[in-house]
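Enquirer: Structure in structure tokens, see below.
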Amino acid sequence: MDFQPVKGTRDFYPQEMALRNWLAEAWRRVSLRNGFVEFDGPVMEHLDLFRAKSGEEIVSELFSFTDRGGRELALRPEITPTLARMVNARINSLPRPIKWFSIPRLFRAENPQRGRLREFFQWNVDVIGSDDVFPDAECIFTCIDLLAELGLRPEDAIIRIGSRPLTTAMLRKVGVGDDNMEAALAALDKRGRVTPEQFGKSMSELGLSGEATGELCRLQDAKDPSDLLQEGLDGAAGAVGDLLRLRELLETMEAWRFCRFDFSVVRGLAYYTGIVYEVHDAAGRLRAVAGGGRYDNLLEVLGGPAVGATGFGMGDAVLAILLEQAGKLPDLAERLDCFVVTDTDDLLPSVLRLVGGLRRRGVRTDFAARARSLSKLLKEANRRNARYAAIVMDTGRIGLKDLAVGEQADVALDDLLADPAKYFGR
Ligand code: HAM
């Protein structure tokens, strides 16, 4: 039988694992320096947790099953409902604001395509416990900090910022009623990914005339929040005020250059209530790299108090494609500080003594377990990407060869172990 990995999943051979770890390390480093602390939850949850408020799209993509006790469970397609559940359980004892991050493995039964898989990793950054625009700015700043940390510039990636309340008000203005609102938001979210004809069709199915759809597109294409103040949109003043304040905060933190307003950003998930945003490659060719926004009702819907919440998720798959396109993926080949060799069988105990000592002192070390000709051993040291080859010449002497420049120094084994930093810079 020929066993293949399950559709939409990935095998992480060491090379792919190195990339995955490199990304996760950057996500962690940036989260911590922005004042977030890490959490995680279980990979499976009760199905109802996702039915409550995530919306049709994500529920239709769930890997769900019934356990032997008849409980309906699902593999997590996102971690936001878990975050809300966990915070709700300790809401009175957690000091606020709650600034948490996580790097969960997620599962969605999507049709796999470039950047969209059935199993992936997603960096989540969320602030719970405040209705102010500050935490939205905090999350967006953290997202930008990550992009810049990885070497991306506004010419590579851009954050497009919209507003759920403004979009809802636009839909109301052109005649969409509350019953159709969720479906209309979902159709609008797909506008950039379908043809104008397909979009027109989805809108006419919701009862909108061609003229109303045209008017909706005109409103969506506004370039600045202030332009929407004269359009007679319900609640526009508050939503526009939030967006202008957000821009002011991000300008003050010198991060706005990565941002622009874009009212066509709607977000597919049902729970968003305020500012929403997506990170896209600047050329707009790839799926979203990240998406998020404010979700002020989710904790309450899941049985907790009414507390404000905001945050985003960034997947590993599109990010890796974007970094590759921008030429920002580093060389992640395995590196050794030292590869220990000998051409004399009798000296193998000295090889092991040196290897043990160097490893205990934090020097990244490996060795050839057999004595062979030096030319073969040095080739192997080069293939292993070692900075130095340590050639054990007798029980007490080492030829330390710098493989980058080819120079060799004669060092006493005990001197090498007494002060490895002097030789290896560690
Ligand atoms: P989302 O828009 O569903 O939001 O996902 C956010 C990001 O996760 C996407 O932009 C994409 O990079 C990645 N992603 C989503 N689906 C897939 C997939 N099938 N394969 C690979 N990557 C994928 C959420 O999940 C929200 N819970 C984010 C959030 C956190 N909102 C507030 N806090």
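As shown in the structure tokens, the chain order sets the letters A, B, ...; within each chain, residues go from 1, and ligands are also counted from 1 in the order they appear.
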For ligand 1, collect every residue having any atom at a distance of at most 9 Å from a ligand atom (counting only C-alpha atoms and all ligand atoms); output as number ranges by chain.

Expert: A: 8, 54, 58, 77-81, 83, 106-127, 267-269, 271-272, 276, 278-280, 287-295, 309-319

Enquirer: Extract, using only C-alpha atoms, all DNA, RNA and protein residues at most 12 Å from Arg71 in chain A, discarding same-chain residues fewer than 2 positions from it, and format them as JSON, numbers by chain.

Expert: {"A": [44, 45, 46, 47, 48, 64, 65, 66, 67, 68, 69, 73, 74]}

Enquirer: Where in range 14-254 of chain A does DSSP assign strand (DSSP E or B), given as a PyMOL selection string?

Expert: chain A and resi 37-38+44-46+64-66+72-75+98-102+105-107+113+116+119-128+157-163

Enquirer: With distances taken over only C-alpha atoms, which residue among A:Asp227, A:Ala333, A:Met170, A:Asp281 lies nearest Met17 in chain A?

Expert: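 For Met17 in chain A, the nearest of the candidates is A:Ala333.
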
Enquirer: So that I can see what lies close to range 24-36 of chain A, please list as a count of residues only the residues with an atom at most 9 Å from it, counting only C-alpha atoms and leaving out residues fewer than 3 positions away in the same chain.

Expert: 23

Enquirer: When DSSP works through the backbone of this structure, what residues of range 137-169 of chain A end up as alpha helix (DSSP H), shown as a list in words?

Expert: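 Checking each residue of range 137-169 of chain A, the alpha helix (DSSP H) ones are Ala137, Glu138, Cys139, Ile140, Phe141, Thr142, Cys143, Ile144, Asp145, Leu146, Leu147, Ala148, Glu149, Arg164, Pro165, Leu166, Thr167, Thr168 and Ala169 of chain A.
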
Enquirer: With N, CA and C atoms retained, write the just-selected residues as a PDB file, in the first residue's frame.

Expert:
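Okay, part00.pdb is ready:
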```pdb
ATOM      1  N   ALA A 137      -4.951  49.194  18.694  1.00  0.00           N
ATOM      2  CA  ALA A 137      -3.661  49.729  18.222  1.00  0.00           C
ATOM      3  C   ALA A 137      -2.521  48.829  18.696  1.00  0.00           C
ATOM      4  N   GLU A 138      -2.625  48.350  19.939  1.00  0.00           N
ATOM      5  CA  GLU A 138      -1.603  47.453  20.494  1.00  0.00           C
ATOM      6  C   GLU A 138      -1.438  46.204  19.632  1.00  0.00           C
ATOM      7  N   CYS A 139      -2.578  45.600  19.270  1.00  0.00           N
ATOM      8  CA  CYS A 139      -2.525  44.360  18.481  1.00  0.00           C
ATOM      9  C   CYS A 139      -1.962  44.654  17.095  1.00  0.00           C
ATOM     10  N   ILE A 140      -2.436  45.721  16.464  1.00  0.00           N
ATOM     11  CA  ILE A 140      -1.960  46.039  15.116  1.00  0.00           C
ATOM     12  C   ILE A 140      -0.471  46.384  15.163  1.00  0.00           C
ATOM     13  N   PHE A 141      -0.066  47.102  16.213  1.00  0.00           N
ATOM     14  CA  PHE A 141       1.361  47.428  16.339  1.00  0.00           C
ATOM     15  C   PHE A 141       2.185  46.145  16.441  1.00  0.00           C
ATOM     16  N   THR A 142       1.691  45.190  17.245  1.00  0.00           N
ATOM     17  CA  THR A 142       2.410  43.928  17.435  1.00  0.00           C
ATOM     18  C   THR A 142       2.528  43.173  16.107  1.00  0.00           C
ATOM     19  N   CYS A 143       1.462  43.213  15.336  1.00  0.00           N
ATOM     20  CA  CYS A 143       1.455  42.570  14.020  1.00  0.00           C
ATOM     21  C   CYS A 143       2.509  43.218  13.109  1.00  0.00           C
ATOM     22  N   ILE A 144       2.549  44.537  13.122  1.00  0.00           N
ATOM     23  CA  ILE A 144       3.524  45.264  12.299  1.00  0.00           C
ATOM     24  C   ILE A 144       4.943  44.991  12.784  1.00  0.00           C
ATOM     25  N   ASP A 145       5.091  44.939  14.108  1.00  0.00           N
ATOM     26  CA  ASP A 145       6.402  44.669  14.696  1.00  0.00           C
ATOM     27  C   ASP A 145       6.933  43.325  14.173  1.00  0.00           C
ATOM     28  N   LEU A 146       6.018  42.370  14.038  1.00  0.00           N
ATOM     29  CA  LEU A 146       6.414  41.035  13.528  1.00  0.00           C
ATOM     30  C   LEU A 146       6.825  41.130  12.057  1.00  0.00           C
ATOM     31  N   LEU A 147       6.021  41.840  11.262  1.00  0.00           N
ATOM     32  CA  LEU A 147       6.342  41.961   9.835  1.00  0.00           C
ATOM     33  C   LEU A 147       7.729  42.572   9.673  1.00  0.00           C
ATOM     34  N   ALA A 148       7.974  43.647  10.436  1.00  0.00           N
ATOM     35  CA  ALA A 148       9.263  44.330  10.333  1.00  0.00           C
ATOM     36  C   ALA A 148      10.390  43.435  10.851  1.00  0.00           C
ATOM     37  N   GLU A 149      10.102  42.680  11.921  1.00  0.00           N
ATOM     38  CA  GLU A 149      11.115  41.768  12.488  1.00  0.00           C
ATOM     39  C   GLU A 149      11.587  40.751  11.445  1.00  0.00           C
ATOM     40  N   ARG A 164     -16.543  46.899  11.065  1.00  0.00           N
ATOM     41  CA  ARG A 164     -17.774  46.122  10.977  1.00  0.00           C
ATOM     42  C   ARG A 164     -19.025  47.013  11.103  1.00  0.00           C
ATOM     43  N   PRO A 165     -19.082  47.922  12.134  1.00  0.00           N
ATOM     44  CA  PRO A 165     -20.298  48.752  12.242  1.00  0.00           C
ATOM     45  C   PRO A 165     -20.535  49.629  11.010  1.00  0.00           C
ATOM     46  N   LEU A 166     -19.441  50.148  10.406  1.00  0.00           N
ATOM     47  CA  LEU A 166     -19.645  50.966   9.208  1.00  0.00           C
ATOM     48  C   LEU A 166     -20.165  50.107   8.055  1.00  0.00           C
ATOM     49  N   THR A 167     -19.616  48.899   7.930  1.00  0.00           N
ATOM     50  CA  THR A 167     -20.080  48.009   6.855  1.00  0.00           C
ATOM     51  C   THR A 167     -21.543  47.637   7.065  1.00  0.00           C
ATOM     52  N   THR A 168     -21.893  47.319   8.307  1.00  0.00           N
ATOM     53  CA  THR A 168     -23.287  46.976   8.607  1.00  0.00           C
ATOM     54  C   THR A 168     -24.206  48.159   8.276  1.00  0.00           C
ATOM     55  N   ALA A 169     -23.742  49.366   8.625  1.00  0.00           N
ATOM     56  CA  ALA A 169     -24.559  50.560   8.340  1.00  0.00           C
ATOM     57  C   ALA A 169     -24.709  50.765   6.826  1.00  0.00           C
TER      58      ALA A 169
END
```

Enquirer: Excluding same-chain residues fewer than 5 positions from Leu377 in chain A, what lies within 8 Å of it counting only C-alpha atoms, as a list of chain:residue names?

Expert: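 Result of the neighbour search: A:Val341, A:Thr342, A:Ala368, A:Arg372.
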
Enquirer: Those selected residues, please, written with all heavy atoms and delivered as an mmCIF file, in the first residue's frame.

Expert:
```cif
data_model
loop_
_atom_site.group_PDB
_atom_site.id
_atom_site.type_symbol
_atom_site.label_atom_id
_atom_site.label_comp_id
_atom_site.auth_asym_id
_atom_site.auth_seq_id
_atom_site.Cartn_x
_atom_site.Cartn_y
_atom_site.Cartn_z
ATOM 1 N N VAL A 341 37.053 14.883 14.810
ATOM 2 C CA VAL A 341 37.453 13.733 13.992
ATOM 3 C C VAL A 341 38.836 13.229 14.423
ATOM 4 O O VAL A 341 39.586 13.942 15.103
ATOM 5 C CB VAL A 341 37.527 14.118 12.493
ATOM 6 C CG1 VAL A 341 36.200 14.653 11.999
ATOM 7 C CG2 VAL A 341 38.638 15.141 12.233
ATOM 8 N N THR A 342 39.147 12.029 14.008
ATOM 9 C CA THR A 342 40.526 11.535 14.142
ATOM 10 C C THR A 342 40.789 10.509 13.041
ATOM 11 O O THR A 342 39.849 9.867 12.566
ATOM 12 C CB THR A 342 40.787 10.909 15.524
ATOM 13 O OG1 THR A 342 42.166 10.570 15.619
ATOM 14 C CG2 THR A 342 39.955 9.648 15.741
ATOM 15 N N ALA A 368 32.716 12.192 14.108
ATOM 16 C CA ALA A 368 32.749 10.985 13.273
ATOM 17 C C ALA A 368 33.112 9.823 14.189
ATOM 18 O O ALA A 368 34.126 9.877 14.885
ATOM 19 C CB ALA A 368 33.789 11.152 12.177
ATOM 20 N N ARG A 372 39.047 7.682 9.971
ATOM 21 C CA ARG A 372 39.199 7.533 8.515
ATOM 22 C C ARG A 372 40.258 8.497 8.036
ATOM 23 O O ARG A 372 40.848 9.236 8.819
ATOM 24 C CB ARG A 372 37.854 7.832 7.833
ATOM 25 C CG ARG A 372 37.027 6.557 7.632
ATOM 26 C CD ARG A 372 35.717 6.872 6.966
ATOM 27 N NE ARG A 372 34.880 7.704 7.812
ATOM 28 C CZ ARG A 372 33.907 8.491 7.348
ATOM 29 N NH1 ARG A 372 33.676 8.574 6.059
ATOM 30 N NH2 ARG A 372 33.181 9.200 8.178
#
```

Enquirer: Can you tell me how far CA of Arg245 in chain A sits from CA of Phe134 in chain A, in Å to one decimal?

Expert: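 Answer for the CA of Arg245 in chain A to CA of Phe134 in chain A separation: 8.8 Å.
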
Enquirer: Please provide the set of residues having any atom within 12 Å of range 404-416 of chain A, restricted to only C-alpha atoms, with same-chain residues fewer than 5 positions apart removed, written as a PDB file with N, CA and C atoms, in the first residue's frame.

Expert:
```
ATOM      1  N   ASP A 337      29.046  24.054  15.629  1.00  0.00           N
ATOM      2  CA  ASP A 337      30.240  24.837  15.948  1.00  0.00           C
ATOM      3  C   ASP A 337      31.484  24.008  15.655  1.00  0.00           C
ATOM      4  N   CYS A 338      31.375  22.711  15.961  1.00  0.00           N
ATOM      5  CA  CYS A 338      32.588  21.906  15.910  1.00  0.00           C
ATOM      6  C   CYS A 338      32.282  20.462  15.504  1.00  0.00           C
ATOM      7  N   VAL A 340      34.241  16.881  15.476  1.00  0.00           N
ATOM      8  CA  VAL A 340      35.467  16.286  16.008  1.00  0.00           C
ATOM      9  C   VAL A 340      35.802  15.003  15.246  1.00  0.00           C
ATOM     10  N   SER A 350      39.687   9.897  23.237  1.00  0.00           N
ATOM     11  CA  SER A 350      39.939  11.348  23.370  1.00  0.00           C
ATOM     12  C   SER A 350      38.886  12.142  22.599  1.00  0.00           C
ATOM     13  N   VAL A 351      38.470  11.586  21.446  1.00  0.00           N
ATOM     14  CA  VAL A 351      37.392  12.242  20.674  1.00  0.00           C
ATOM     15  C   VAL A 351      36.156  12.361  21.562  1.00  0.00           C
ATOM     16  N   LEU A 352      35.790  11.257  22.204  1.00  0.00           N
ATOM     17  CA  LEU A 352      34.577  11.259  23.035  1.00  0.00           C
ATOM     18  C   LEU A 352      34.724  12.197  24.231  1.00  0.00           C
ATOM     19  N   ARG A 353      35.928  12.235  24.814  1.00  0.00           N
ATOM     20  CA  ARG A 353      36.152  13.123  25.962  1.00  0.00           C
ATOM     21  C   ARG A 353      35.937  14.584  25.538  1.00  0.00           C
ATOM     22  N   LEU A 354      36.500  14.921  24.382  1.00  0.00           N
ATOM     23  CA  LEU A 354      36.361  16.299  23.886  1.00  0.00           C
ATOM     24  C   LEU A 354      34.892  16.598  23.546  1.00  0.00           C
ATOM     25  N   VAL A 355      34.227  15.654  22.875  1.00  0.00           N
ATOM     26  CA  VAL A 355      32.826  15.872  22.481  1.00  0.00           C
ATOM     27  C   VAL A 355      31.952  16.101  23.719  1.00  0.00           C
ATOM     28  N   GLY A 357      32.824  17.078  26.701  1.00  0.00           N
ATOM     29  CA  GLY A 357      33.165  18.332  27.380  1.00  0.00           C
ATOM     30  C   GLY A 357      32.607  19.545  26.635  1.00  0.00           C
ATOM     31  N   LEU A 358      32.760  19.555  25.313  1.00  0.00           N
ATOM     32  CA  LEU A 358      32.267  20.710  24.536  1.00  0.00           C
ATOM     33  C   LEU A 358      30.746  20.805  24.625  1.00  0.00           C
ATOM     34  N   ARG A 361      29.512  22.251  27.700  1.00  0.00           N
ATOM     35  CA  ARG A 361      29.782  23.703  27.793  1.00  0.00           C
ATOM     36  C   ARG A 361      29.006  24.502  26.754  1.00  0.00           C
ATOM     37  N   VAL A 363      28.749  24.081  23.436  1.00  0.00           N
ATOM     38  CA  VAL A 363      29.259  24.173  22.062  1.00  0.00           C
ATOM     39  C   VAL A 363      28.536  23.111  21.234  1.00  0.00           C
ATOM     40  N   LEU A 378      37.287  15.705   6.740  1.00  0.00           N
ATOM     41  CA  LEU A 378      37.084  17.157   6.576  1.00  0.00           C
ATOM     42  C   LEU A 378      35.928  17.429   5.617  1.00  0.00           C
ATOM     43  N   ALA A 381      32.931  17.099   7.674  1.00  0.00           N
ATOM     44  CA  ALA A 381      32.757  18.279   8.541  1.00  0.00           C
ATOM     45  C   ALA A 381      32.139  19.428   7.742  1.00  0.00           C
ATOM     46  N   ASN A 382      32.570  19.601   6.506  1.00  0.00           N
ATOM     47  CA  ASN A 382      32.005  20.658   5.650  1.00  0.00           C
ATOM     48  C   ASN A 382      30.547  20.375   5.322  1.00  0.00           C
ATOM     49  N   ASN A 385      28.159  21.404   7.818  1.00  0.00           N
ATOM     50  CA  ASN A 385      28.100  22.844   8.065  1.00  0.00           C
ATOM     51  C   ASN A 385      28.789  23.252   9.353  1.00  0.00           C
ATOM     52  N   ALA A 386      29.896  22.582   9.665  1.00  0.00           N
ATOM     53  CA  ALA A 386      30.604  22.906  10.911  1.00  0.00           C
ATOM     54  C   ALA A 386      31.502  24.126  10.684  1.00  0.00           C
ATOM     55  N   ARG A 387      31.609  24.944  11.730  1.00  0.00           N
ATOM     56  CA  ARG A 387      32.504  26.107  11.638  1.00  0.00           C
ATOM     57  C   ARG A 387      33.952  25.654  11.787  1.00  0.00           C
ATOM     58  N   TYR A 388      34.175  24.700  12.715  1.00  0.00           N
ATOM     59  CA  TYR A 388      35.523  24.183  12.951  1.00  0.00           C
ATOM     60  C   TYR A 388      35.543  22.669  12.857  1.00  0.00           C
ATOM     61  N   ALA A 389      36.641  22.128  12.418  1.00  0.00           N
ATOM     62  CA  ALA A 389      36.899  20.700  12.596  1.00  0.00           C
ATOM     63  C   ALA A 389      37.967  20.595  13.686  1.00  0.00           C
ATOM     64  N   ALA A 390      37.718  19.757  14.695  1.00  0.00           N
ATOM     65  CA  ALA A 390      38.732  19.522  15.731  1.00  0.00           C
ATOM     66  C   ALA A 390      39.350  18.162  15.432  1.00  0.00           C
ATOM     67  N   ILE A 391      40.612  18.188  15.020  1.00  0.00           N
ATOM     68  CA  ILE A 391      41.280  16.936  14.645  1.00  0.00           C
ATOM     69  C   ILE A 391      42.087  16.460  15.856  1.00  0.00           C
ATOM     70  N   VAL A 392      41.660  15.344  16.443  1.00  0.00           N
ATOM     71  CA  VAL A 392      42.380  14.828  17.612  1.00  0.00           C
ATOM     72  C   VAL A 392      43.652  14.143  17.101  1.00  0.00           C
ATOM     73  N   MET A 393      44.827  14.703  17.516  1.00  0.00           N
ATOM     74  CA  MET A 393      46.099  14.242  16.941  1.00  0.00           C
ATOM     75  C   MET A 393      46.846  13.308  17.883  1.00  0.00           C
ATOM     76  N   ASP A 394      46.755  13.549  19.189  1.00  0.00           N
ATOM     77  CA  ASP A 394      47.180  12.544  20.170  1.00  0.00           C
ATOM     78  C   ASP A 394      46.297  12.779  21.389  1.00  0.00           C
ATOM     79  N   THR A 395      46.521  12.059  22.479  1.00  0.00           N
ATOM     80  CA  THR A 395      45.551  12.138  23.578  1.00  0.00           C
ATOM     81  C   THR A 395      45.421  13.555  24.137  1.00  0.00           C
ATOM     82  N   GLY A 396      46.400  14.398  23.900  1.00  0.00           N
ATOM     83  CA  GLY A 396      46.329  15.734  24.506  1.00  0.00           C
ATOM     84  C   GLY A 396      46.326  16.891  23.524  1.00  0.00           C
ATOM     85  N   ARG A 397      46.479  16.645  22.214  1.00  0.00           N
ATOM     86  CA  ARG A 397      46.621  17.770  21.256  1.00  0.00           C
ATOM     87  C   ARG A 397      45.520  17.732  20.196  1.00  0.00           C
ATOM     88  N   ILE A 398      45.062  18.932  19.856  1.00  0.00           N
ATOM     89  CA  ILE A 398      43.982  19.075  18.878  1.00  0.00           C
ATOM     90  C   ILE A 398      44.434  20.026  17.774  1.00  0.00           C
ATOM     91  N   GLY A 399      44.188  19.661  16.527  1.00  0.00           N
ATOM     92  CA  GLY A 399      44.344  20.618  15.427  1.00  0.00           C
ATOM     93  C   GLY A 399      42.971  21.237  15.173  1.00  0.00           C
ATOM     94  N   ALA A 421      34.799  29.406  24.886  1.00  0.00           N
ATOM     95  CA  ALA A 421      34.345  30.680  24.312  1.00  0.00           C
ATOM     96  C   ALA A 421      35.479  31.346  23.543  1.00  0.00           C
ATOM     97  N   LYS A 422      36.721  31.165  24.046  1.00  0.00           N
ATOM     98  CA  LYS A 422      37.882  31.779  23.401  1.00  0.00           C
ATOM     99  C   LYS A 422      38.030  31.266  21.961  1.00  0.00           C
ATOM    100  N   TYR A 423      37.643  30.010  21.742  1.00  0.00           N
ATOM    101  CA  TYR A 423      37.829  29.409  20.415  1.00  0.00           C
ATOM    102  C   TYR A 423      36.553  29.433  19.558  1.00  0.00           C
ATOM    103  N   PHE A 424      35.403  29.262  20.232  1.00  0.00           N
ATOM    104  CA  PHE A 424      34.154  29.123  19.461  1.00  0.00           C
ATOM    105  C   PHE A 424      33.219  30.318  19.617  1.00  0.00           C
ATOM    106  N   GLY A 425      33.622  31.271  20.442  1.00  0.00           N
ATOM    107  CA  GLY A 425      32.762  32.461  20.639  1.00  0.00           C
ATOM    108  C   GLY A 425      31.460  32.124  21.349  1.00  0.00           C
TER     109      GLY A 425
END
```

Enquirer: Considering only C-alpha atoms, can you say which of A:Asp296, A:Asp419, A:Asp346, A:Asp2 comes closest to Gly308 in chain A?

Expert: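 Answer, going by the shortest atom-to-atom distance: A:Asp296.
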
Enquirer: Please provide as a PDB file with N, CA, C and O atoms, in the first residue's frame all residues within 12 Å of Glu197 in chain A, with the sequence filter that same-chain residues fewer than 5 positions apart are discarded (counting only C-alpha atoms).

Expert:
```pdb
ATOM      1  N   ARG A 191     -16.146  39.477  -1.805  1.00  0.00           N
ATOM      2  CA  ARG A 191     -16.179  40.340  -2.992  1.00  0.00           C
ATOM      3  C   ARG A 191     -14.858  40.358  -3.746  1.00  0.00           C
ATOM      4  O   ARG A 191     -14.836  40.257  -4.983  1.00  0.00           O
ATOM      5  N   GLY A 192     -13.745  40.461  -3.019  1.00  0.00           N
ATOM      6  CA  GLY A 192     -12.434  40.542  -3.678  1.00  0.00           C
ATOM      7  C   GLY A 192     -12.007  39.240  -4.332  1.00  0.00           C
ATOM      8  O   GLY A 192     -11.067  39.211  -5.110  1.00  0.00           O
ATOM      9  N   SER A 202     -24.739  37.236  -5.984  1.00  0.00           N
ATOM     10  CA  SER A 202     -24.939  36.923  -4.567  1.00  0.00           C
ATOM     11  C   SER A 202     -25.729  38.037  -3.876  1.00  0.00           C
ATOM     12  O   SER A 202     -26.533  37.787  -2.983  1.00  0.00           O
ATOM     13  N   MET A 203     -25.533  39.274  -4.342  1.00  0.00           N
ATOM     14  CA  MET A 203     -26.272  40.391  -3.745  1.00  0.00           C
ATOM     15  C   MET A 203     -27.737  40.363  -4.186  1.00  0.00           C
ATOM     16  O   MET A 203     -28.639  40.672  -3.391  1.00  0.00           O
ATOM     17  N   SER A 204     -27.968  40.010  -5.453  1.00  0.00           N
ATOM     18  CA  SER A 204     -29.370  39.992  -5.903  1.00  0.00           C
ATOM     19  C   SER A 204     -30.130  38.856  -5.214  1.00  0.00           C
ATOM     20  O   SER A 204     -31.319  38.975  -4.932  1.00  0.00           O
ATOM     21  N   GLY A 210     -29.403  45.994  -8.815  1.00  0.00           N
ATOM     22  CA  GLY A 210     -28.092  46.358  -9.351  1.00  0.00           C
ATOM     23  C   GLY A 210     -27.673  47.738  -8.863  1.00  0.00           C
ATOM     24  O   GLY A 210     -26.507  47.977  -8.541  1.00  0.00           O
ATOM     25  N   THR A 213     -26.553  47.578  -5.253  1.00  0.00           N
ATOM     26  CA  THR A 213     -25.228  46.948  -5.165  1.00  0.00           C
ATOM     27  C   THR A 213     -24.151  47.951  -5.590  1.00  0.00           C
ATOM     28  O   THR A 213     -23.088  48.037  -4.970  1.00  0.00           O
ATOM     29  N   GLY A 214     -24.451  48.734  -6.634  1.00  0.00           N
ATOM     30  CA  GLY A 214     -23.509  49.769  -7.087  1.00  0.00           C
ATOM     31  C   GLY A 214     -23.265  50.792  -5.985  1.00  0.00           C
ATOM     32  O   GLY A 214     -22.115  51.197  -5.733  1.00  0.00           O
TER      33      GLY A 214
END
```

Enquirer: Tell me which of A:Val6, A:Ala84, A:Leu286, A:Leu23 sits closest to Asp40 in chain A, counting only C-alpha atoms.

Expert: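 Closest to Asp40 in chain A, using only C-alpha atoms: A:Ala84.
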
Enquirer: Quote the spacing between CA of Leu229 in chain A and CA of Gly284 in chain A in Å to one decimal place.

Expert: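 It comes out at 28.1 Å.
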
Enquirer: Please indicate the distance in Å from CA of Ala236 in chain A to CA of Pro97 in chain A, rounded to one decimal place.

Expert: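 Going from CA of Ala236 in chain A over to CA of Pro97 in chain A, I get 27.2 Å.
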
Enquirer: Quick one: of A:Leu250, A:Val87, A:Leu152, A:Ala212, who's nearest to Gln325 in chain A, counting only C-alpha atoms?

Expert: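 So, comparing all the options, the nearest one is A:Leu152.
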
Enquirer: So which one's closest to Leu329 in chain A, A:Leu299, A:Met1, A:Ala237, A:Ala18? Using only C-alpha atoms, please.

Expert: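 Of the candidates, the smallest distance to Leu329 in chain A is held by A:Ala18.
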